[in-house]
file structure_29.txt (compact mmCIF, C-alpha atoms)
# COMPACT_ATOMS: atom_id res chain seq x y z
CA MET Y 12 3.55 9.21 -5.35
CA ARG Y 13 5.06 6.76 -2.86
CA LEU Y 14 6.17 7.89 0.58
CA ASP Y 15 9.85 7.45 -0.29
CA GLU Y 16 9.25 9.60 -3.37
CA VAL Y 17 7.60 12.22 -1.15
CA GLN Y 18 10.68 12.25 1.08
CA ASP Y 19 12.96 12.53 -1.95
CA ALA Y 20 10.93 15.44 -3.36
CA ILE Y 21 11.11 17.24 -0.01
CA HIS Y 22 14.86 16.67 0.14
CA ALA Y 23 15.32 17.92 -3.42
CA TRP Y 24 13.43 21.11 -2.60
CA ILE Y 25 15.24 21.84 0.66
CA SER Y 26 18.64 21.07 -0.89
CA ARG Y 27 18.17 23.94 -3.33
CA PHE Y 28 18.75 26.45 -0.53
CA ARG Y 29 21.87 27.22 1.46
CA ASP Y 30 20.20 27.11 4.88
CA GLY Y 31 19.01 23.54 4.33
CA TYR Y 32 16.90 21.80 6.95
CA TRP Y 33 15.64 23.63 9.99
CA PRO Y 34 16.65 22.09 13.34
CA PRO Y 35 14.33 19.26 14.43
CA LEU Y 36 12.80 21.27 17.27
CA ALA Y 37 12.09 24.14 14.88
CA ASN Y 38 10.37 21.70 12.55
CA LEU Y 39 8.40 20.34 15.49
CA ALA Y 40 7.21 23.86 16.27
CA ARG Y 41 6.29 24.30 12.63
CA LEU Y 42 4.41 21.00 12.66
CA THR Y 43 2.45 22.16 15.70
CA GLU Y 44 1.62 25.37 13.86
CA GLU Y 45 0.42 23.49 10.78
CA VAL Y 46 -1.74 21.13 12.86
CA GLY Y 47 -3.25 24.19 14.53
CA GLU Y 48 -4.13 25.64 11.13
CA LEU Y 49 -5.77 22.35 10.15
CA ALA Y 50 -7.73 22.37 13.41
CA ARG Y 51 -8.91 25.89 12.63
CA GLU Y 52 -10.23 24.85 9.22
CA LEU Y 53 -11.97 21.75 10.58
CA GLY Y 54 -13.42 23.78 13.42
CA ASP Y 55 -14.80 26.28 10.94
CA ARG Y 56 -16.42 23.54 8.86
CA PHE Y 57 -17.65 21.14 11.51
CA GLY Y 58 -17.35 22.81 14.90
CA PRO Y 59 -19.46 25.33 16.77
CA LYS Y 60 -16.97 28.17 16.29
CA ALA Y 61 -16.97 29.52 12.74
CA LYS Y 62 -14.38 31.92 11.38
CA LYS Y 63 -14.88 35.63 11.59
CA ALA Y 64 -16.17 37.31 8.47
CA SER Y 65 -12.80 39.02 8.06
CA GLU Y 66 -10.88 35.70 7.98
CA PRO Y 67 -10.20 34.27 4.51
CA PRO Y 68 -11.45 30.77 3.67
CA GLY Y 69 -8.90 28.00 3.96
CA ASP Y 70 -8.19 24.70 2.23
CA VAL Y 71 -8.11 21.50 4.30
CA ALA Y 72 -6.20 19.66 1.57
CA GLU Y 73 -3.52 22.34 1.56
CA GLU Y 74 -3.19 22.16 5.34
CA LEU Y 75 -2.79 18.38 5.17
CA GLY Y 76 -0.15 18.84 2.48
CA ASP Y 77 1.74 21.29 4.70
CA ILE Y 78 1.69 18.75 7.53
CA LEU Y 79 2.97 16.00 5.23
CA PHE Y 80 5.84 18.23 4.09
CA VAL Y 81 6.99 18.93 7.64
CA VAL Y 82 6.64 15.28 8.67
CA GLY Y 83 8.71 14.28 5.63
CA ALA Y 84 11.37 16.85 6.49
CA LEU Y 85 11.59 15.56 10.06
CA ALA Y 86 11.86 11.98 8.81
CA ASN Y 87 14.66 12.97 6.44
CA GLN Y 88 16.58 14.69 9.22
CA LEU Y 89 16.29 11.68 11.50
CA GLY Y 90 17.09 9.09 8.81
CA ILE Y 91 13.65 7.51 9.04
CA SER Y 92 11.91 5.83 6.12
CA LEU Y 93 8.23 6.76 6.32
CA GLU Y 94 7.35 3.72 4.21
CA ASP Y 95 9.05 1.39 6.69
CA ALA Y 96 7.49 3.24 9.61
CA PHE Y 97 4.02 3.07 8.06
CA ARG Y 98 4.35 -0.65 7.35
CA GLY Y 99 5.27 -1.15 10.99
CA VAL Y 100 2.23 0.81 12.13
CA LEU Y 101 -0.10 -1.22 9.90
CA ALA Y 102 1.40 -4.45 11.21
CA LYS Y 103 0.84 -3.22 14.76
CA TYR Y 104 -2.80 -2.40 14.01
CA GLU Y 105 -3.31 -5.78 12.35
CA ALA Y 106 -1.94 -7.57 15.41
CA ARG Y 107 -3.53 -5.38 18.07
CA ASP Y 108 -6.82 -4.19 16.61
CA ALA Y 109 -7.89 -6.80 14.04
CA ALA Y 110 -10.76 -7.99 16.24
CA ARG Y 111 -11.39 -4.70 18.00
CA TRP Y 112 -13.86 -3.16 15.54
CA ALA Y 113 -16.92 -4.58 13.82
CA PRO Y 114 -16.10 -5.26 10.14
CA ALA Y 115 -17.89 -3.38 7.39
CA GLU Y 116 -20.75 -5.30 5.83
CA THR Y 117 -19.02 -5.76 2.49
CA ARG Y 118 -15.85 -7.01 4.15
CA GLN Y 119 -17.89 -9.27 6.40
CA GLU Y 120 -19.61 -10.79 3.39
CA HIS Y 121 -16.25 -11.49 1.78
CA ARG Y 122 -14.91 -13.05 4.98
CA VAL Y 123 -17.87 -15.42 5.18
CA ASP Y 124 -17.99 -16.19 1.48
CA THR Y 125 -14.33 -16.49 0.61
CA PRO Y 126 -13.50 -20.03 -0.51
CA SER Y 127 -10.68 -22.00 1.01
CA PRO Y 128 -8.80 -24.92 -0.53
CA GLY Y 129 -9.60 -27.07 2.48
CA GLY Y 130 -13.32 -26.90 1.68
CA VAL Y 131 -14.26 -24.78 4.72
CA GLU Y 132 -17.28 -22.74 3.75
CA SER Y 133 -17.13 -19.98 6.35
CA GLY Y 134 -14.40 -17.78 7.74
CA GLY Y 135 -11.71 -19.23 5.50
CA HIS Y 136 -9.44 -17.87 2.84
CA PRO Y 137 -6.89 -19.79 0.81
CA ALA Y 138 -4.10 -17.66 2.19
CA ASP Y 139 -5.19 -17.84 5.83
CA SER Y 140 -2.78 -20.73 6.31
CA HIS Y 141 0.04 -18.30 5.51
CA GLY Y 142 -0.86 -16.18 8.56
CA GLU Y 143 -2.02 -13.27 6.40
CA SER Y 144 -4.75 -10.73 6.93
CA LEU Y 145 -7.79 -10.66 4.68
CA VAL Y 146 -6.34 -7.86 2.57
CA GLN Y 147 -3.01 -9.65 2.24
CA ALA Y 148 -4.81 -12.86 1.34
CA ARG Y 149 -6.70 -11.17 -1.47
CA GLU Y 150 -3.46 -9.61 -2.70
CA ARG Y 151 -1.86 -13.05 -2.70
CA ALA Y 152 -4.72 -14.49 -4.73
CA ALA Y 153 -4.33 -11.67 -7.26
CA LEU Y 154 -0.58 -12.33 -7.48
CA LEU Y 155 -1.14 -16.03 -8.00
CA TYR Y 156 -3.54 -15.19 -10.80
CA ASP Y 157 -1.04 -12.78 -12.39
CA PHE Y 158 1.55 -15.55 -12.64
CA TYR Y 159 -0.57 -18.63 -13.24
CA GLY Y 160 -3.93 -17.35 -14.48
CA PRO Y 161 -3.44 -18.50 -18.08
CA LEU Y 162 -3.08 -22.08 -16.80
CA LEU Y 163 -6.66 -22.05 -15.47
CA THR Y 164 -9.71 -22.85 -17.55
CA ASP Y 165 -11.56 -19.94 -19.13
CA ARG Y 166 -14.36 -20.37 -16.60
CA GLN Y 167 -11.96 -20.32 -13.65
CA GLN Y 168 -10.20 -17.24 -15.00
CA GLU Y 169 -13.52 -15.44 -15.32
CA LEU Y 170 -14.50 -16.23 -11.73
CA VAL Y 171 -11.14 -15.31 -10.22
CA ARG Y 172 -11.10 -12.00 -12.09
CA ALA Y 173 -14.63 -11.18 -10.96
CA TYR Y 174 -14.08 -12.03 -7.31
CA TYR Y 175 -10.50 -10.96 -6.66
CA LEU Y 176 -9.80 -8.27 -9.24
CA GLU Y 177 -13.22 -6.70 -9.76
CA ASP Y 178 -14.19 -7.22 -6.08
CA LEU Y 179 -17.63 -8.67 -6.82
CA SER Y 180 -19.28 -10.68 -4.05
CA LEU Y 181 -20.30 -14.31 -4.44
CA GLY Y 182 -23.92 -13.20 -4.55
CA GLU Y 183 -23.26 -10.72 -7.35
CA ILE Y 184 -21.36 -13.30 -9.39
CA ALA Y 185 -24.05 -15.92 -8.79
CA GLY Y 186 -26.75 -13.51 -9.91
CA THR Y 187 -24.89 -12.65 -13.10
CA GLN Y 188 -24.11 -16.28 -13.90
CA ARG Y 189 -27.57 -17.51 -12.79
CA VAL Y 190 -26.10 -20.18 -10.57
CA SER Y 191 -26.09 -20.69 -6.81
CA ARG Y 192 -23.63 -18.97 -4.50
CA GLN Y 193 -22.44 -22.41 -3.42
CA ALA Y 194 -21.62 -23.30 -7.02
CA VAL Y 195 -19.54 -20.14 -7.40
CA HIS Y 196 -17.89 -20.82 -4.04
CA GLU Y 197 -16.92 -24.36 -5.03
CA GLN Y 198 -15.54 -23.36 -8.44
CA LEU Y 199 -13.49 -20.57 -6.91
CA ARG Y 200 -12.14 -22.95 -4.29
CA ARG Y 201 -10.98 -25.34 -6.98
CA ALA Y 202 -9.41 -22.53 -9.00
CA LEU Y 203 -7.44 -21.32 -6.00
CA GLU Y 204 -6.34 -24.83 -5.15
CA ALA Y 205 -4.98 -25.10 -8.68
CA LEU Y 206 -3.14 -21.77 -8.38
CA GLU Y 207 -1.57 -22.84 -5.09
CA ARG Y 208 -0.46 -26.14 -6.62
CA TYR Y 209 1.27 -24.30 -9.45
CA GLU Y 210 3.00 -22.09 -6.90
CA GLU Y 211 4.13 -25.10 -4.84
CA ARG Y 212 5.76 -26.57 -7.94
CA LEU Y 213 7.22 -23.43 -9.52
CA GLY Y 214 7.56 -20.89 -6.70
CA LEU Y 215 7.31 -17.87 -9.01
CA VAL Y 216 5.30 -15.75 -6.58
CA ALA Y 217 7.65 -16.49 -3.68
CA GLU Y 218 10.65 -15.55 -5.83
CA PHE Y 219 8.93 -12.36 -6.99
CA LEU Y 220 8.14 -11.35 -3.39
CA ARG Y 221 11.70 -12.08 -2.25
CA ARG Y 222 13.06 -9.96 -5.08
CA GLN Y 223 10.64 -7.13 -4.30
CA ALA Y 224 11.58 -7.17 -0.62
CA ALA Y 225 15.29 -7.03 -1.47
CA LEU Y 226 14.76 -4.14 -3.89
CA GLU Y 227 12.61 -2.25 -1.38
CA ALA Y 228 15.27 -2.66 1.30
CA LEU Y 229 17.98 -1.48 -1.09
CA ALA Y 230 15.81 1.48 -2.11
CA GLY Y 231 15.38 2.46 1.52
CA HIS Y 232 19.13 2.42 2.17
CA LEU Y 233 19.90 4.27 -1.04
CA SER Y 234 17.19 6.85 -0.35
CA ARG Y 235 18.71 7.61 3.04
CA LEU Y 236 22.16 7.84 1.45
CA ARG Y 237 20.87 10.36 -1.11
CA ARG Y 238 19.63 12.59 1.69
CA GLN Y 239 22.95 12.36 3.53
CA VAL Y 240 25.22 13.13 0.56
CA ALA Y 241 25.56 16.85 -0.14
CA PRO Y 242 24.99 17.96 -3.77
CA GLU Y 243 28.58 19.19 -4.02
CA ASP Y 244 29.99 15.86 -2.82
CA PRO Y 245 31.90 14.06 -5.63
CA ALA Y 246 29.93 10.90 -4.84
CA ALA Y 247 26.55 12.61 -5.38
CA ALA Y 248 26.45 11.91 -9.13
CA SER Y 249 27.19 8.22 -8.61
CA VAL Y 250 24.53 7.94 -5.92
CA GLU Y 251 21.96 9.64 -8.17
CA GLY Y 252 22.85 7.33 -11.05
CA ALA Y 253 22.46 4.28 -8.85
CA TRP Y 254 19.12 5.60 -7.61
CA ARG Y 255 17.76 6.12 -11.12
CA SER Y 256 18.91 2.67 -12.20
CA LEU Y 257 17.29 1.09 -9.16
CA GLN Y 258 14.00 2.91 -9.78
CA GLU Y 259 13.95 1.69 -13.39
CA LEU Y 260 14.65 -1.86 -12.22
CA MET Y 261 11.86 -1.70 -9.63
CA ARG Y 262 9.35 -0.35 -12.17
CA ALA Y 263 10.23 -3.12 -14.60
CA ASP Y 264 9.99 -5.74 -11.87
CA ARG Y 265 6.57 -4.50 -10.72
CA ALA Y 266 5.34 -4.49 -14.31
CA GLU Y 267 6.51 -8.08 -14.70
CA GLY Y 268 4.67 -9.10 -11.53
CA GLY Y 269 1.49 -7.19 -12.37
call {"tool": "encode", "arguments": {"input": "structure_29.txt", "output": "structure tokens"}}
result
Amino acid sequence: MRLDEVQDAIHAWISRFRDGYWPPLANLARLTEEVGELARELGDRFGPKAKKASEPPGDVAEELGDILFVVGALANQLGISLEDAFRGVLAKYEARDAARWAPAETRQEHRVDTPSPGGVESGGHPADSHGESLVQARERAALLYDFYGPLLTDRQQELVRAYYLEDLSLGEIAGTQRVSRQAVHEQLRRALEALERYEERLGLVAEFLRRQAALEALAGHLSRLRRQVAPEDPAAASVEGAWRSLQELMRADRAEGG
């Protein structure tokens, strides 16, 4: 379930009742209460102070779900898209903290091994020139393969699938194929160069991403409108119809891209 779908589900539930949303400060107090209950469960499991024998056992997952519900309700009240907010937070972390922590070993191996069309053998990725993070670069490679994969040779398709879709390292692929890591590196580099050339000529990925961004923006606006229109409003049925049509269009578009 996507975050916008979470917000819609929360809104649908609250709209069933006459009292509707609690005031924001009341929801803030409730959020504090739910966080306290989560802290109690974590303290019982991992801290020095266990629960009394008379206290019933709790469920950490349930407490996290309660917190998510209240956060979603607050976001609905304030007209905030949690998806947009979360994307902004991730972008902030990418810009501020990308070099702050030591990378995991598997990620470090990928960063060193990942081929680049310019022939650089370390620290490069074919999408680095687009100013993307490592995760975004791998997503771009997968998208390029989705659109242009059939135009590659069978060997190139096999390597791209193994490295970018199955997340195998160069060493693992080399061991399976009984070739050197450098040979795998070079063949992957050539495959990605070919994919980028197809994209330069046809622009299918760029068009797909532009369309997705436009649909996501429209979905955000329409989602906020749904939460603002009362169920008894004459426009509610039209808004719901537009929302369903948009969701069907987005599902079809994602299926086409994937």
call {"tool": "closest_residue", "arguments": {"input": "structure_29.txt", "among": "Y:Val216, Y:Lys60, Y:Arg41, Y:Lys103", "to": "Ile78 of chain Y", "atoms": "all atoms listed in the file"}}
result
Y:Arg41
call {"tool": "atom_distance", "arguments": {"input": "structure_29.txt", "atom1": "atom CA of Leu203 of chain Y", "atom2": "atom CA of Val171 of chain Y"}}
result
8.2 Å
call {"tool": "atom_distance", "arguments": {"input": "structure_29.txt", "atom1": "atom CA of Tyr209 of chain Y", "atom2": "atom CA of Tyr156 of chain Y"}}
result
10.4 Å
call {"tool": "atom_distance", "arguments": {"input": "structure_29.txt", "atom1": "atom CA of Ile184 of chain Y", "atom2": "atom CA of Leu170 of chain Y"}}
result
7.8 Å
call {"tool": "closest_residue", "arguments": {"input": "structure_29.txt", "among": "Y:Gln188, Y:Thr164, Y:Gln223, Y:Ser234", "to": "Arg201 of chain Y", "atoms": "only C-alpha atoms"}}
result
Y:Thr164
call {"tool": "residues_around", "arguments": {"input": "structure_29.txt", "residues": "segment 16-18 of chain Y", "least_positions_apart": "6", "cutoff": "12 Å", "atoms": "all atoms listed in the file", "output": "PyMOL selection string"}}
result
chain Y and resi 24-25+76+79-94+230-231+234-235+237-238+254+258
call {"tool": "closest_residue", "arguments": {"input": "structure_29.txt", "among": "Y:Phe57, Y:Phe97, Y:Phe28, Y:Trp33", "to": "Asp15 of chain Y", "atoms": "only C-alpha atoms"}}
result
Y:Phe97
call {"tool": "residues_around", "arguments": {"input": "structure_29.txt", "residues": "Glu66 of chain Y", "least_positions_apart": "3", "cutoff": "12 Å", "atoms": "all atoms listed in the file", "output": "PDB file with C-alpha atoms, in the frame of the given file"}}
result
ATOM      1  CA  ARG Y  51      -8.910  25.890  12.630  1.00  0.00           C
ATOM      2  CA  GLU Y  52     -10.230  24.850   9.220  1.00  0.00           C
ATOM      3  CA  ASP Y  55     -14.800  26.280  10.940  1.00  0.00           C
ATOM      4  CA  ALA Y  61     -16.970  29.520  12.740  1.00  0.00           C
ATOM      5  CA  LYS Y  62     -14.380  31.920  11.380  1.00  0.00           C
ATOM      6  CA  LYS Y  63     -14.880  35.630  11.590  1.00  0.00           C
ATOM      7  CA  GLY Y  69      -8.900  28.000   3.960  1.00  0.00           C
TER       8      GLY Y  69
END
call {"tool": "closest_residue", "arguments": {"input": "structure_29.txt", "among": "Y:Glu211, Y:Glu48, Y:Asp95, Y:Glu218", "to": "His232 of chain Y", "atoms": "only C-alpha atoms"}}
result
Y:Asp95
call {"tool": "closest_residue", "arguments": {"input": "structure_29.txt", "among": "Y:Leu199, Y:Leu49, Y:Ala173, Y:Ala241", "to": "His22 of chain Y", "atoms": "all atoms listed in the file"}}
result
Y:Ala241
call {"tool": "axis_aligned_box", "arguments": {"input": "structure_29.txt", "around": "segment 189-201 of chain Y", "padding_each_side": "4 Å", "output": "lines of an AutoDock Vina configuration file"}}
result
center_x = -19.3
center_y = -21.4
center_z = -8.1
size_x = 24.6
size_y = 15.8
size_z = 17.4
